[in-house]
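File shown: protein_37.csv (CSV, C-alpha atoms and all ligand atoms).
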```
chain,number,residue,atom,x,y,z
A,259,MET,CA,108.8,188.3,84.5
A,260,ARG,CA,109.4,189.4,80.9
A,261,GLU,CA,107.2,187.7,78.3
A,262,SER,CA,110.2,186.8,76.1
A,263,TRP,CA,111.7,184.8,78.9
A,264,LEU,CA,108.5,183.2,79.9
A,265,GLU,CA,108.1,181.9,76.4
A,266,ARG,CA,110.6,179.2,77.2
A,267,PHE,CA,108.1,177.6,79.4
A,268,ALA,CA,105.1,177.9,77.0
A,269,GLU,CA,104.7,174.1,76.9
A,270,ALA,CA,103.8,174.1,80.6
A,271,PRO,CA,101.0,176.7,80.7
A,272,ASP,CA,99.1,175.2,83.7
A,273,VAL,CA,102.0,175.4,86.1
A,274,LEU,CA,103.0,179.0,85.4
A,275,ILE,CA,102.1,181.9,87.6
A,276,ASP,CA,99.3,184.0,86.1
A,277,ALA,CA,96.7,186.4,87.3
A,278,ARG,CA,94.4,183.5,88.4
A,279,ARG,CA,97.1,181.5,90.2
A,280,GLN,CA,99.9,182.8,92.3
A,281,ARG,CA,100.5,179.9,94.6
A,282,THR,CA,99.5,176.2,94.9
A,283,ILE,CA,99.3,174.9,98.4
A,284,VAL,CA,99.6,171.1,98.5
A,285,PRO,CA,97.7,169.5,101.4
A,286,VAL,CA,99.5,166.5,103.0
A,287,LEU,CA,97.7,165.2,106.1
A,288,ASP,CA,97.6,168.3,108.4
A,289,LEU,CA,100.4,170.0,106.5
A,290,ALA,CA,100.2,172.7,103.8
A,291,VAL,CA,103.3,172.5,101.5
A,292,GLY,CA,103.9,175.7,99.7
A,293,SER,CA,102.3,177.9,102.4
A,294,ASP,CA,104.1,180.1,104.9
A,295,GLU,CA,104.9,176.9,106.9
A,296,PHE,CA,108.3,175.6,106.0
A,297,VAL,CA,108.2,171.8,105.6
A,298,THR,CA,111.2,169.6,106.2
A,299,MET,CA,111.2,166.0,105.0
A,300,ALA,CA,113.9,163.8,106.4
A,301,GLY,CA,114.9,160.2,106.7
A,302,PRO,CA,117.1,157.5,105.3
A,303,CYS,CA,117.8,157.0,101.7
A,304,SER,CA,116.5,153.4,102.0
A,305,VAL,CA,114.3,151.7,104.5
A,306,GLU,CA,116.6,149.0,106.0
A,307,SER,CA,114.9,147.7,109.2
A,308,GLU,CA,112.2,148.4,111.7
A,309,HIS,CA,114.7,149.6,114.2
A,310,GLN,CA,116.5,151.9,111.7
A,311,LEU,CA,113.3,153.5,110.5
A,312,MET,CA,111.5,153.9,113.9
A,313,ALA,CA,114.6,155.4,115.5
A,314,THR,CA,114.9,157.8,112.6
A,315,ALA,CA,111.2,158.7,112.6
A,316,HIS,CA,111.3,159.7,116.3
A,317,ARG,CA,114.5,161.6,116.0
A,318,VAL,CA,113.8,163.6,112.9
A,319,ARG,CA,110.3,164.4,114.2
A,320,SER,CA,111.6,165.8,117.4
A,321,ALA,CA,114.2,167.9,115.5
A,322,GLY,CA,111.3,169.5,113.5
A,323,ALA,CA,110.8,167.3,110.4
A,324,ARG,CA,107.1,166.8,109.5
A,325,VAL,CA,107.5,164.2,106.8
A,326,LEU,CA,109.5,161.0,106.9
A,327,ARG,CA,111.3,160.0,103.7
A,328,GLY,CA,112.6,156.5,103.0
A,329,GLY,CA,113.0,154.4,99.8
A,330,ALA,CA,111.3,151.0,99.6
A,331,PHE,CA,111.9,150.7,95.8
A,332,LYS,CA,115.4,152.1,95.0
A,333,PRO,CA,116.6,153.2,91.6
A,334,ARG,CA,120.3,152.4,91.9
A,335,SER,CA,123.0,153.4,89.4
A,336,SER,CA,124.4,149.8,89.8
A,337,PRO,CA,122.1,146.8,89.2
A,338,TYR,CA,124.2,145.0,91.9
A,339,SER,CA,123.4,147.5,94.6
A,340,PHE,CA,120.6,147.1,97.2
A,341,GLN,CA,117.3,147.5,95.4
A,342,GLY,CA,115.1,148.2,98.5
A,343,LEU,CA,112.8,146.1,100.8
A,344,GLY,CA,109.7,146.6,98.6
A,345,VAL,CA,106.3,146.1,100.2
A,346,GLU,CA,108.0,145.3,103.5
A,347,GLY,CA,109.6,148.8,103.4
A,348,LEU,CA,106.2,150.3,102.7
A,349,LYS,CA,104.7,148.6,105.7
A,350,LEU,CA,107.4,149.9,108.0
A,351,LEU,CA,106.9,153.4,106.7
A,352,ALA,CA,103.2,153.2,107.4
A,353,ALA,CA,104.0,151.9,110.9
A,354,ALA,CA,106.3,154.8,111.5
A,355,ARG,CA,103.5,157.2,110.5
A,356,ASP,CA,101.1,155.5,112.9
A,357,GLU,CA,103.6,155.7,115.8
A,358,THR,CA,104.9,159.3,115.3
A,359,GLY,CA,102.4,161.2,113.2
A,360,VAL,CA,104.8,162.1,110.4
A,361,ALA,CA,103.6,162.0,106.8
A,362,ILE,CA,105.3,159.6,104.5
A,363,VAL,CA,107.1,160.3,101.2
A,364,THR,CA,108.5,157.4,99.2
A,365,GLU,CA,109.5,156.7,95.6
A,366,VAL,CA,107.5,154.8,93.1
A,367,MET,CA,109.6,153.6,90.2
A,368,SER,CA,107.2,151.7,88.1
A,369,GLU,CA,103.7,152.3,86.7
A,370,CYS,CA,102.5,148.9,88.0
A,371,ASP,CA,103.6,149.7,91.5
A,372,VAL,CA,101.6,152.9,91.7
A,373,PRO,CA,98.4,151.5,93.4
A,374,LEU,CA,100.5,149.6,95.9
A,375,VAL,CA,102.8,152.6,96.9
A,376,ALA,CA,99.8,154.9,96.9
A,377,GLU,CA,98.1,152.7,99.5
A,378,TYR,CA,100.9,153.4,102.0
A,379,ALA,CA,102.4,156.8,101.0
A,380,ASP,CA,101.1,160.3,101.7
A,381,ILE,CA,103.3,161.7,98.9
A,382,LEU,CA,104.6,159.7,95.9
A,383,GLN,CA,108.2,160.6,95.0
A,384,ILE,CA,109.1,160.5,91.3
A,385,GLY,CA,112.9,160.1,91.2
A,386,SER,CA,115.4,162.0,89.1
A,387,ARG,CA,115.9,159.0,86.8
A,388,SER,CA,112.1,158.8,86.2
A,389,MET,CA,111.3,162.4,85.6
A,390,GLU,CA,110.7,161.9,81.9
A,391,ASN,CA,108.8,158.6,82.2
A,392,TYR,CA,105.5,160.1,81.2
A,393,SER,CA,103.4,157.0,81.6
A,394,LEU,CA,104.7,156.7,85.2
A,395,LEU,CA,103.8,160.4,85.7
A,396,GLU,CA,100.3,159.9,84.4
A,397,ALA,CA,99.7,156.7,86.5
A,398,ALA,CA,101.1,158.5,89.6
A,399,ALA,CA,98.9,161.5,88.9
A,400,ARG,CA,95.8,159.3,88.6
A,401,SER,CA,96.4,157.9,92.1
A,402,GLY,CA,95.3,161.3,93.5
A,403,ARG,CA,98.2,161.4,95.9
A,404,PRO,CA,100.4,164.5,96.0
A,405,ILE,CA,103.5,164.1,93.8
A,406,LEU,CA,107.1,165.1,94.7
A,407,LEU,CA,108.7,165.5,91.3
A,408,LYS,CA,112.5,165.4,91.4
A,409,ARG,CA,114.3,167.2,88.6
A,410,GLY,CA,116.1,164.9,86.3
A,411,MET,CA,119.9,165.1,86.7
A,412,MET,CA,120.2,166.2,83.1
A,413,ALA,CA,116.9,168.1,82.8
A,414,THR,CA,116.5,171.8,82.2
A,415,ILE,CA,114.0,173.8,84.2
A,416,ALA,CA,111.7,173.8,81.1
A,417,ASP,CA,111.9,170.0,81.0
A,418,LEU,CA,111.0,169.8,84.7
A,419,LEU,CA,108.0,172.1,84.2
A,420,CYS,CA,106.9,170.0,81.2
A,421,SER,CA,106.8,166.9,83.5
A,422,ALA,CA,104.9,168.9,86.1
A,423,GLN,CA,102.5,169.9,83.3
A,424,VAL,CA,101.9,166.2,82.4
A,425,ILE,CA,100.9,165.5,86.0
A,426,VAL,CA,98.6,168.6,86.3
A,427,SER,CA,97.0,167.9,83.0
A,428,SER,CA,96.3,164.3,84.1
A,429,GLY,CA,94.0,165.8,86.7
A,430,ASN,CA,96.3,166.1,89.7
A,431,PRO,CA,97.2,169.7,90.8
A,432,ASN,CA,99.2,168.7,93.8
A,433,VAL,CA,102.7,168.7,92.5
A,434,ILE,CA,105.8,169.6,94.6
A,435,LEU,CA,108.9,170.3,92.6
A,436,CYS,CA,112.3,169.3,94.0
A,437,GLU,CA,115.8,170.6,93.0
A,438,ARG,CA,118.3,167.8,93.7
A,439,GLY,CA,121.4,168.9,91.7
A,440,ILE,CA,122.3,168.5,88.1
A,441,ARG,CA,125.2,167.0,86.3
A,442,THR,CA,127.9,169.4,85.2
A,443,PHE,CA,131.6,169.1,84.5
A,444,GLU,CA,132.3,169.5,88.2
A,445,THR,CA,133.1,166.2,89.9
A,446,ALA,CA,134.1,167.3,93.4
A,447,MET,CA,130.5,167.1,94.4
A,448,ARG,CA,128.0,164.4,93.4
A,449,ASN,CA,125.9,167.0,91.5
A,450,THR,CA,125.8,170.8,91.1
A,451,PHE,CA,123.2,172.4,93.3
A,452,ASP,CA,121.2,174.7,91.1
A,453,ALA,CA,120.2,177.4,93.5
A,454,ALA,CA,119.5,179.8,90.7
A,455,GLY,CA,117.0,177.2,89.4
A,456,ILE,CA,115.1,177.4,92.7
A,457,ALA,CA,115.0,181.2,92.5
A,458,LEU,CA,113.8,181.0,88.9
A,459,LEU,CA,111.2,178.4,89.7
A,460,LYS,CA,109.8,180.6,92.5
A,461,GLN,CA,109.3,183.4,89.9
A,462,VAL,CA,107.7,181.3,87.1
A,463,THR,CA,105.7,178.6,88.7
A,464,HIS,CA,102.9,178.6,91.4
A,465,LEU,CA,104.0,175.1,92.5
A,466,PRO,CA,105.9,174.6,95.8
A,467,VAL,CA,109.6,174.0,95.4
A,468,ILE,CA,111.8,172.0,97.8
A,469,ALA,CA,115.5,171.7,98.0
A,470,ASP,CA,117.4,168.4,98.4
A,471,PRO,CA,120.8,169.3,99.6
A,472,SER,CA,121.8,165.7,100.2
A,473,HIS,CA,121.7,164.4,96.6
A,474,ALA,CA,123.1,167.7,95.4
A,475,ALA,CA,126.1,167.6,97.6
A,476,GLY,CA,126.9,163.9,97.9
A,477,HIS,CA,128.9,164.7,101.0
A,478,ARG,CA,127.3,165.3,104.4
A,479,GLU,CA,129.7,168.1,105.3
A,480,LEU,CA,128.1,170.3,102.6
A,481,VAL,CA,124.5,169.5,103.4
A,482,PRO,CA,123.9,172.3,106.0
A,483,ALA,CA,125.4,175.0,103.8
A,484,LEU,CA,123.3,173.9,100.8
A,485,ALA,CA,120.2,173.7,102.9
A,486,ARG,CA,120.8,177.4,103.9
A,487,ILE,CA,121.3,178.4,100.3
A,488,GLY,CA,118.1,176.5,99.3
A,489,ILE,CA,116.1,178.4,101.9
A,490,ALA,CA,117.7,181.8,100.9
A,491,ALA,CA,116.8,181.0,97.2
A,492,GLY,CA,113.1,180.7,98.2
A,493,ALA,CA,112.6,177.0,98.8
A,494,ASP,CA,109.4,176.0,100.6
A,495,GLY,CA,111.0,173.0,102.3
A,496,LEU,CA,113.8,170.6,102.4
A,497,LEU,CA,114.4,166.9,101.7
A,498,VAL,CA,117.3,165.6,103.7
A,499,GLU,CA,118.8,162.1,104.2
A,500,VAL,CA,119.3,161.1,107.8
A,501,HIS,CA,120.6,157.8,109.1
A,502,PRO,CA,121.3,156.4,112.6
A,503,ASP,CA,124.7,155.2,111.4
A,504,PRO,CA,125.6,156.8,108.1
A,505,ASP,CA,128.9,155.0,107.6
A,506,ASN,CA,127.1,151.7,107.6
A,507,ALA,CA,124.0,152.8,105.5
A,508,TRP,CA,123.0,150.5,102.7
A,509,SER,CA,122.7,153.5,100.3
A,510,ASP,CA,123.9,157.1,100.2
A,511,GLY,CA,125.7,157.0,103.6
A,512,GLU,CA,128.3,159.5,102.4
A,513,GLN,CA,125.7,162.2,102.1
A,514,SER,CA,123.5,161.2,105.1
A,515,LEU,CA,123.5,163.2,108.3
A,516,ASP,CA,123.5,161.4,111.7
A,517,PHE,CA,120.8,162.3,114.3
A,518,ASP,CA,122.9,164.9,116.1
A,519,GLY,CA,124.1,166.4,112.8
A,520,PHE,CA,120.5,166.8,111.6
A,521,ALA,CA,119.3,168.2,114.9
A,522,ALA,CA,122.1,170.7,114.9
A,523,MET,CA,121.4,171.7,111.3
A,524,MET,CA,117.7,172.3,112.1
A,525,VAL,CA,118.6,174.6,115.0
A,526,ASP,CA,121.1,176.5,112.8
A,527,LEU,CA,118.4,176.9,110.0
A,528,LYS,CA,115.9,178.5,112.3
A,529,PRO,CA,116.9,182.2,111.7
A,530,TRP,CA,117.1,181.5,107.9
A,531,ILE,CA,113.6,180.0,108.0
A,532,ALA,CA,112.4,183.0,110.0
A,533,LEU,CA,113.8,185.4,107.5
A,534,ARG,CA,111.8,183.6,104.8
A,535,GLY,CA,108.7,184.7,106.7
A,536,ALA,CA,109.6,188.2,105.5
A,537,ARG,CA,108.5,187.2,102.0
A,538,PRO,CA,104.8,188.1,102.5
A,539,ALA,CA,105.9,191.7,103.0
A,540,GLU,CA,107.2,191.7,99.5
A,541,GLU,CA,104.0,190.2,98.3
A,542,LYS,CA,102.0,192.9,100.1
A,543,LEU,CA,104.2,195.5,98.5
A,544,GLU,CA,103.5,194.0,95.1
A,545,GLN,CA,99.7,194.1,95.8
A,546,LEU,CA,100.0,197.7,96.8
A,547,ASN,CA,101.8,198.5,93.6
A,548,ALA,CA,99.2,196.7,91.6
A,549,ALA,CA,96.4,198.6,93.4
A,550,ALA,CA,98.3,201.9,92.7
A,551,ARG,CA,98.6,201.0,89.0
A,552,ARG,CA,94.9,200.2,88.8
A,553,LEU,CA,94.1,203.5,90.5
A,554,ALA,CA,96.4,205.4,88.1
A,555,GLU,CA,94.7,203.7,85.1
A,556,ALA,CA,91.2,204.5,86.4
A,557,LEU,CA,92.2,208.1,86.9
A,558,ALA,CA,93.9,208.4,83.5
B,601,LIG,C1,116.5,159.5,96.7
B,601,LIG,O1,115.8,160.4,97.1
B,601,LIG,O2,117.0,158.7,97.5
B,601,LIG,C2,116.9,159.4,95.3
B,601,LIG,C3,117.1,158.2,94.7
B,601,LIG,O3,117.0,160.6,94.7
B,601,LIG,P1,117.2,161.0,93.2
B,601,LIG,O4,116.1,160.4,92.4
B,601,LIG,O5,117.2,162.5,93.3
B,601,LIG,O6,118.5,160.5,92.8
B,602,MN,MN,119.4,158.6,98.2
```
In structure tokens, what does this structure look like?
Ligand code: PEP
Ligand code: MN
Amino acid sequence: MRESWLERFAEAPDVLIDARRQRTIVPVLDLAVGSDEFVTMAGPCSVESEHQLMATAHRVRSAGARVLRGGAFKPRSSPYSFQGLGVEGLKLLAAARDETGVAIVTEVMSECDVPLVAEYADILQIGSRSMENYSLLEAAARSGRPILLKRGMMATIADLLCSAQVIVSSGNPNVILCERGIRTFETAMRNTFDAAGIALLKQVTHLPVIADPSHAAGHRELVPALARIGIAAGADGLLVEVHPDPDNAWSDGEQSLDFDGFAAMMVDLKPWIALRGARPAEEKLEQLNAAARRLAEALA
């Protein structure tokens, strides 16, 4: 990438690709996020009940998801909306992990909840509304858990990388970035999915990037198409909302897939994920080119 373009990201030096660091692989239980393995995280927007969560955990696991998502502390646009089950929700998530073997990702909204959420979660999610809460980022970083950092809905790519830099410079290298759509003048969708942002991130940062087609779209009909686009743009994984009965979900039902919809999408995505495996060939080509350049320099 051209120096003049990279200068935009100069305030986030530790997350940029350089000669020493091409790729960060984030270990989560037995998973390696950011490796050649594509990682799908799926589950309800909010944890509602034992039955809802267990049924979802089993179904998303058998459809190919390796991480179960579910909010126990919910940042809602309205103060009158459901705010989450809190610690009860965290306990249900841990029980779902024990029963099915999936890793758990769940949001932490407040600095003082970090120790509690970190006790139950395998990945701490920092929500879009919290991306610039630097004291929360530092506290989450210090927990030592991997962090899923969602892009603020009004944040630039440079802002997102600055927040990642805060986590990395607080001593936690295990950051996974998430593109979940940004606000634009378009209102037909909940947000505008920034696929170019994913492509750009994959060129400038060594951190893994995952795509959240659910919050980007706001409508379940669009989720499979945005998932495909996210994979084609270079995403290392997906974060998808799935609910046993989306029309009666306590939050984000409009954008949630039901079990069959999720399973069908996962089958349809297989060839796209397989194509992504072609990427190492490009990397090998780049290595060959670099070796050829070094040889030419040595001979000159
Ligand atoms: C969520 O993942 O349910 C969520 C609240 O997402 P975001 O922070 O991207 O709005
Ligand atoms: Mn949601």
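Interatomic distance, atom CA of Asp371 of chain A against atom CA of Pro337 of chain A: 18.9 Å.
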Test item: residues lying within 8 Å of ligand MN 602 (chain B) with only C-alpha atoms and all ligand atoms, as a tab-separated table (two decimals) with C-alpha atoms, in the coordinates of the input:
```tsv
chain	number	residue	atom	x	y	z
A	302	PRO	CA	117.10	157.50	105.30
A	303	CYS	CA	117.80	157.00	101.70
A	304	SER	CA	116.50	153.40	102.00
A	329	GLY	CA	113.00	154.40	99.80
A	472	SER	CA	121.80	165.70	100.20
A	473	HIS	CA	121.70	164.40	96.60
A	499	GLU	CA	118.80	162.10	104.20
A	509	SER	CA	122.70	153.50	100.30
A	510	ASP	CA	123.90	157.10	100.20
```
At a cut-off of 9 Å and counting all atoms listed in the file, what residues surround ligand LIG 601 (chain B)? Please answer as a tab-separated table (two decimals) with C-alpha atoms, keeping the file's coordinate frame.
```
chain	number	residue	atom	x	y	z
A	302	PRO	CA	117.10	157.50	105.30
A	303	CYS	CA	117.80	157.00	101.70
A	304	SER	CA	116.50	153.40	102.00
A	327	ARG	CA	111.30	160.00	103.70
A	328	GLY	CA	112.60	156.50	103.00
A	329	GLY	CA	113.00	154.40	99.80
A	332	LYS	CA	115.40	152.10	95.00
A	333	PRO	CA	116.60	153.20	91.60
A	334	ARG	CA	120.30	152.40	91.90
A	364	THR	CA	108.50	157.40	99.20
A	365	GLU	CA	109.50	156.70	95.60
A	383	GLN	CA	108.20	160.60	95.00
A	384	ILE	CA	109.10	160.50	91.30
A	385	GLY	CA	112.90	160.10	91.20
A	386	SER	CA	115.40	162.00	89.10
A	387	ARG	CA	115.90	159.00	86.80
A	388	SER	CA	112.10	158.80	86.20
A	389	MET	CA	111.30	162.40	85.60
A	408	LYS	CA	112.50	165.40	91.40
A	409	ARG	CA	114.30	167.20	88.60
A	410	GLY	CA	116.10	164.90	86.30
A	411	MET	CA	119.90	165.10	86.70
A	436	CYS	CA	112.30	169.30	94.00
A	437	GLU	CA	115.80	170.60	93.00
A	438	ARG	CA	118.30	167.80	93.70
A	439	GLY	CA	121.40	168.90	91.70
A	470	ASP	CA	117.40	168.40	98.40
A	472	SER	CA	121.80	165.70	100.20
A	473	HIS	CA	121.70	164.40	96.60
A	474	ALA	CA	123.10	167.70	95.40
A	497	LEU	CA	114.40	166.90	101.70
A	498	VAL	CA	117.30	165.60	103.70
A	499	GLU	CA	118.80	162.10	104.20
A	509	SER	CA	122.70	153.50	100.30
A	510	ASP	CA	123.90	157.10	100.20
```
Practice problem: Measure the distance from atom CA of Ala416 of chain A to atom CA of Ser293 of chain A in Å and round it to one decimal. | Solution: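 According to the coordinates, atom CA of Ala416 of chain A and atom CA of Ser293 of chain A are separated by 23.6 Å.
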Exercise. Quote the spacing between atom CA of Asn432 of chain A and atom CA of Pro471 of chain A in Å to one decimal place.
Key: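 So the answer is 22.4 Å.
Residues in contact with Leu465 of chain A at 7 Å, where all atoms listed in the file are counted and same-chain residues fewer than 3 positions away are skipped, are listed as A:Val273, A:Arg281, A:Thr282, A:Val433, A:Ile434, A:Leu435.
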Quiz item: Between A:Ala354, A:Met259, A:Met412, A:Ile531, which is the closest to Arg441 of chain A once you count only C-alpha atoms?
Solution: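 That would be A:Met412, the residue with the smallest distance to Arg441 of chain A.
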Quiz prompt | Test item: which residues lie within 7 Å of (127.2, 160.8, 96.5) counting all atoms listed in the file, as a PyMOL selection string | solution = chain A and resi 448+473+475-477+510+512-513
How about saving the chosen residues, C-alpha atoms kept, as a PDB file, in the coordinates of the input?
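Here's the written file part-v6.pdb:
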```pdb
ATOM      1  CA  ARG A 448     128.000 164.400  93.400  1.00  0.00           C
ATOM      2  CA  HIS A 473     121.700 164.400  96.600  1.00  0.00           C
ATOM      3  CA  ALA A 475     126.100 167.600  97.600  1.00  0.00           C
ATOM      4  CA  GLY A 476     126.900 163.900  97.900  1.00  0.00           C
ATOM      5  CA  HIS A 477     128.900 164.700 101.000  1.00  0.00           C
ATOM      6  CA  ASP A 510     123.900 157.100 100.200  1.00  0.00           C
ATOM      7  CA  GLU A 512     128.300 159.500 102.400  1.00  0.00           C
ATOM      8  CA  GLN A 513     125.700 162.200 102.100  1.00  0.00           C
TER       9      GLN A 513
END
```
Quiz item: Using all atoms listed in the file, which of A:Ala446, A:Val462, A:Leu350, A:Ile425 sits nearest Leu264 of chain A?
Solution: A:Val462
Spatial neighbours of Ala352 of chain A, max dist 10 Å, all atoms listed in the file, sep filter under 6 positions, as a PDB file with C-alpha atoms, in the coordinates of the input:
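For reference, out24.pdb as written:
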```pdb
ATOM      1  CA  GLY A 359     102.400 161.200 113.200  1.00  0.00           C
ATOM      2  CA  VAL A 360     104.800 162.100 110.400  1.00  0.00           C
ATOM      3  CA  ALA A 361     103.600 162.000 106.800  1.00  0.00           C
ATOM      4  CA  ILE A 362     105.300 159.600 104.500  1.00  0.00           C
ATOM      5  CA  GLU A 377      98.100 152.700  99.500  1.00  0.00           C
ATOM      6  CA  TYR A 378     100.900 153.400 102.000  1.00  0.00           C
ATOM      7  CA  ALA A 379     102.400 156.800 101.000  1.00  0.00           C
ATOM      8  CA  ASP A 380     101.100 160.300 101.700  1.00  0.00           C
TER       9      ASP A 380
END
```
